[in-house]
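A.B. asks: Dropping the structure in here first, questions after.
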Amino acid sequence: MKKIKLEILGLSPSQSQAGSFALVLGEELGNRRLPIIIGVFEAQAIAVQIENIVPNRPMTHDLFKSFADGMNYTLKEIVISDLKEGIFYAKIICTDSLREVEIDARPSDAIAIGLRFDIPIFTYEAILSEAGIVSSSLTDEEDEDEDAIKETIKATGSRDVIRDLSLDELQRMLDEALSKEDYEKAAKIRDEMGRRN
């Protein structure tokens, strides 16, 4: 299967799940985004490395790097390899020059480790097609339509209203959520659109 290279676009607190963060990965040569909800400790491990902060004592992911370096293992890449029932799976691909090994990992841990080795992150087209969100900008007319849709949702006070919207209306809402980088809302809209296909 063809692999697609991803890059980290952002890490922000989750608005719907207390104590969680949204890690947003983007297609390197495209406009699709892959939001993944991760825990606080994993978010911290990723943020520490992105910001080049050196902790007083090694974190678990730093320990993994020291261990791999000490055993002459080289990490080649991180692959977000599967998506089952809304849960992402990942593999860390490493080698000791004689054989290549795939280590099963949570995507958050794999990415935290991958950052420490400065290796690329990949996924497959099937995963990006299923869970990815296409980022596009809204025209003024679509923006006005989106405001009307939001007012309808506010007036009813029900989250079930999203189920009553047409696919075109959902697409406009998705585009707006992406333009505002509200990836959590975009993921919910994507899920509703996916249920209809």
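A note on labels: chains of the structure tokens are A, B, ... as shown, every chain counts residues from 1, and ligands are counted from 1 in their shown order.
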Restrict the calculation to only C-alpha atoms, then for each residue of segment 85-146 of chain A with any atom at most 7 Å from an atom of segment 43-64 of chain A give the closest atom pair and their distance in Å to one decimal, rows by chain and rising residue number, as a Markdown table.

C.D. replies:
```
| residue | atom | partner | partner_atom | distance |
| --- | --- | --- | --- | --- |
| A:Ala112 | CA | A:Ile46 | CA | 4.8 |
| A:Ile113 | CA | A:His61 | CA | 5.5 |
| A:Leu115 | CA | A:Gln49 | CA | 6.6 |
| A:Arg116 | CA | A:Gln49 | CA | 6.8 |
```

A.B. asks: Excluding Val40 of chain A and residues on its chain fewer than 2 positions from it, collect all residues at most 8 Å away from it, counting only C-alpha atoms, and give them as number ranges by chain.

C.D. replies: A: 19-21, 38, 42-44

A.B. asks: Find the residue from A:Ser129, A:Thr123, A:Ser97, A:Gln15 that sits nearest to Glu77 of chain A; use only C-alpha atoms when measuring.

C.D. replies: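 Nearest candidate to Glu77 of chain A out of A:Ser129, A:Thr123, A:Ser97, A:Gln15: A:Thr123.
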
A.B. asks: Applying 10 Å and only C-alpha atoms, which residues near Lys185 of chain A remain after dropping the ones on its own chain fewer than 2 positions away? List them as JSON, numbers by chain.

C.D. replies: {"A": [15, 16, 173, 174, 176, 177, 178, 181, 182, 183, 187, 188, 189, 190, 191]}

A.B. asks: Which of these residues is nearest to Ala90 of chain A, using only C-alpha atoms: A:Leu75, A:Leu9, A:Leu29, A:Ile121?

C.D. replies: A:Ile121

A.B. asks: Could you name the residues that touch Ile80 of chain A at 10 Å or less, counting only C-alpha atoms, but leaving out those on the same chain fewer than 4 positions away, as a list in words?

C.D. replies: Lys3, Ile4, Leu6, Phe88, Tyr89, Ala90, Lys91, Ile92, Ala105, Arg106, Pro107, Ser108, Ala110, Ile111, Ile121, Phe122, Thr123, Tyr124, Ile127 and Leu128 of chain A

A.B. asks: Just the selected residues (N, CA and C atoms), exported as a PDB file, in the first residue's frame, please.

C.D. replies:
```pdb
ATOM      1  N   LYS A   3       2.238   4.720   1.001  1.00  0.00           N
ATOM      2  CA  LYS A   3       2.306   5.488   2.239  1.00  0.00           C
ATOM      3  C   LYS A   3       2.264   6.979   1.916  1.00  0.00           C
ATOM      4  N   ILE A   4       1.630   7.724   2.809  1.00  0.00           N
ATOM      5  CA  ILE A   4       1.527   9.175   2.669  1.00  0.00           C
ATOM      6  C   ILE A   4       2.231   9.808   3.858  1.00  0.00           C
ATOM      7  N   LEU A   6       3.145  12.453   6.658  1.00  0.00           N
ATOM      8  CA  LEU A   6       2.396  13.398   7.481  1.00  0.00           C
ATOM      9  C   LEU A   6       3.352  14.308   8.232  1.00  0.00           C
ATOM     10  N   PHE A  88      -6.919   4.541  16.509  1.00  0.00           N
ATOM     11  CA  PHE A  88      -5.767   4.471  15.627  1.00  0.00           C
ATOM     12  C   PHE A  88      -4.709   3.540  16.212  1.00  0.00           C
ATOM     13  N   TYR A  89      -3.991   2.860  15.325  1.00  0.00           N
ATOM     14  CA  TYR A  89      -2.877   1.985  15.707  1.00  0.00           C
ATOM     15  C   TYR A  89      -1.648   2.442  14.938  1.00  0.00           C
ATOM     16  N   ALA A  90      -0.477   2.223  15.530  1.00  0.00           N
ATOM     17  CA  ALA A  90       0.759   2.652  14.871  1.00  0.00           C
ATOM     18  C   ALA A  90       1.841   1.591  15.018  1.00  0.00           C
ATOM     19  N   LYS A  91       2.847   1.739  14.179  1.00  0.00           N
ATOM     20  CA  LYS A  91       4.019   0.865  14.247  1.00  0.00           C
ATOM     21  C   LYS A  91       5.268   1.731  14.186  1.00  0.00           C
ATOM     22  N   ILE A  92       6.250   1.322  14.968  1.00  0.00           N
ATOM     23  CA  ILE A  92       7.570   1.947  14.906  1.00  0.00           C
ATOM     24  C   ILE A  92       8.437   0.969  14.115  1.00  0.00           C
ATOM     25  N   ALA A 105       2.522   0.155  18.637  1.00  0.00           N
ATOM     26  CA  ALA A 105       2.508   1.270  19.596  1.00  0.00           C
ATOM     27  C   ALA A 105       1.247   2.109  19.414  1.00  0.00           C
ATOM     28  N   ARG A 106       0.907   2.862  20.455  1.00  0.00           N
ATOM     29  CA  ARG A 106      -0.135   3.874  20.299  1.00  0.00           C
ATOM     30  C   ARG A 106       0.459   4.987  19.443  1.00  0.00           C
ATOM     31  N   PRO A 107      -0.344   5.611  18.587  1.00  0.00           N
ATOM     32  CA  PRO A 107       0.191   6.680  17.747  1.00  0.00           C
ATOM     33  C   PRO A 107       0.870   7.793  18.551  1.00  0.00           C
ATOM     34  N   SER A 108       0.298   8.154  19.696  1.00  0.00           N
ATOM     35  CA  SER A 108       0.882   9.242  20.498  1.00  0.00           C
ATOM     36  C   SER A 108       2.281   8.882  20.974  1.00  0.00           C
ATOM     37  N   ALA A 110       4.264   6.532  19.623  1.00  0.00           N
ATOM     38  CA  ALA A 110       5.111   6.374  18.439  1.00  0.00           C
ATOM     39  C   ALA A 110       5.601   7.736  17.942  1.00  0.00           C
ATOM     40  N   ILE A 111       4.701   8.715  17.915  1.00  0.00           N
ATOM     41  CA  ILE A 111       5.078  10.047  17.436  1.00  0.00           C
ATOM     42  C   ILE A 111       6.040  10.722  18.416  1.00  0.00           C
ATOM     43  N   ILE A 121       6.826  10.472   9.662  1.00  0.00           N
ATOM     44  CA  ILE A 121       5.562   9.852  10.067  1.00  0.00           C
ATOM     45  C   ILE A 121       4.761   9.612   8.786  1.00  0.00           C
ATOM     46  N   PHE A 122       4.216   8.404   8.660  1.00  0.00           N
ATOM     47  CA  PHE A 122       3.426   8.048   7.487  1.00  0.00           C
ATOM     48  C   PHE A 122       2.090   7.452   7.897  1.00  0.00           C
ATOM     49  N   THR A 123       1.170   7.411   6.959  1.00  0.00           N
ATOM     50  CA  THR A 123      -0.060   6.625   7.081  1.00  0.00           C
ATOM     51  C   THR A 123      -0.384   6.117   5.700  1.00  0.00           C
ATOM     52  N   TYR A 124      -1.466   5.357   5.597  1.00  0.00           N
ATOM     53  CA  TYR A 124      -1.896   4.810   4.317  1.00  0.00           C
ATOM     54  C   TYR A 124      -3.094   5.588   3.784  1.00  0.00           C
ATOM     55  N   ILE A 127      -6.537   4.934   5.392  1.00  0.00           N
ATOM     56  CA  ILE A 127      -6.778   5.557   6.694  1.00  0.00           C
ATOM     57  C   ILE A 127      -7.079   7.045   6.523  1.00  0.00           C
ATOM     58  N   LEU A 128      -6.313   7.699   5.661  1.00  0.00           N
ATOM     59  CA  LEU A 128      -6.541   9.128   5.432  1.00  0.00           C
ATOM     60  C   LEU A 128      -7.886   9.360   4.748  1.00  0.00           C
TER      61      LEU A 128
END
```

A.B. asks: When DSSP works through the backbone of this structure, what residues of segment 101-136 of chain A end up as strand (DSSP E), shown as a ChimeraX atom specification?

C.D. replies: /A:101-105,121-124,133-134

A.B. asks: Among segment 5-69 of chain A, which ones does DSSP assign to alpha helix (DSSP H) (computed from the backbone)? Answer as an mmCIF file with C-alpha atoms, in the first residue's frame.

C.D. replies:
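Result file out_36.cif:
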```cif
data_model
loop_
_atom_site.group_PDB
_atom_site.id
_atom_site.type_symbol
_atom_site.label_atom_id
_atom_site.label_comp_id
_atom_site.auth_asym_id
_atom_site.auth_seq_id
_atom_site.Cartn_x
_atom_site.Cartn_y
_atom_site.Cartn_z
ATOM 1 C CA VAL A 40 -2.178 14.601 28.723
ATOM 2 C CA PHE A 41 1.100 12.766 29.335
ATOM 3 C CA GLU A 42 1.519 11.865 25.675
ATOM 4 C CA ALA A 43 0.746 15.463 24.684
ATOM 5 C CA GLN A 44 3.368 16.643 27.158
ATOM 6 C CA ALA A 45 5.957 14.219 25.737
ATOM 7 C CA ILE A 46 5.270 15.521 22.224
ATOM 8 C CA ALA A 47 5.219 19.201 23.247
ATOM 9 C CA VAL A 48 8.471 18.914 25.199
ATOM 10 C CA GLN A 49 10.245 17.608 22.103
ATOM 11 C CA ILE A 50 8.645 20.090 19.691
ATOM 12 C CA THR A 60 9.983 7.450 29.162
ATOM 13 C CA HIS A 61 10.350 8.315 25.472
ATOM 14 C CA ASP A 62 13.868 9.643 26.110
ATOM 15 C CA LEU A 63 14.676 6.390 27.888
ATOM 16 C CA PHE A 64 13.466 4.450 24.841
ATOM 17 C CA LYS A 65 15.822 6.510 22.639
ATOM 18 C CA SER A 66 18.786 5.891 24.954
ATOM 19 C CA PHE A 67 18.011 2.172 25.020
ATOM 20 C CA ALA A 68 17.688 1.937 21.223
ATOM 21 C CA ASP A 69 20.897 3.914 20.710
#
```

A.B. asks: How many Å separate atom CA of Gly132 of chain A from atom CA of Leu83 of chain A?

C.D. replies: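 Those two atoms sit 11.3 Å apart.
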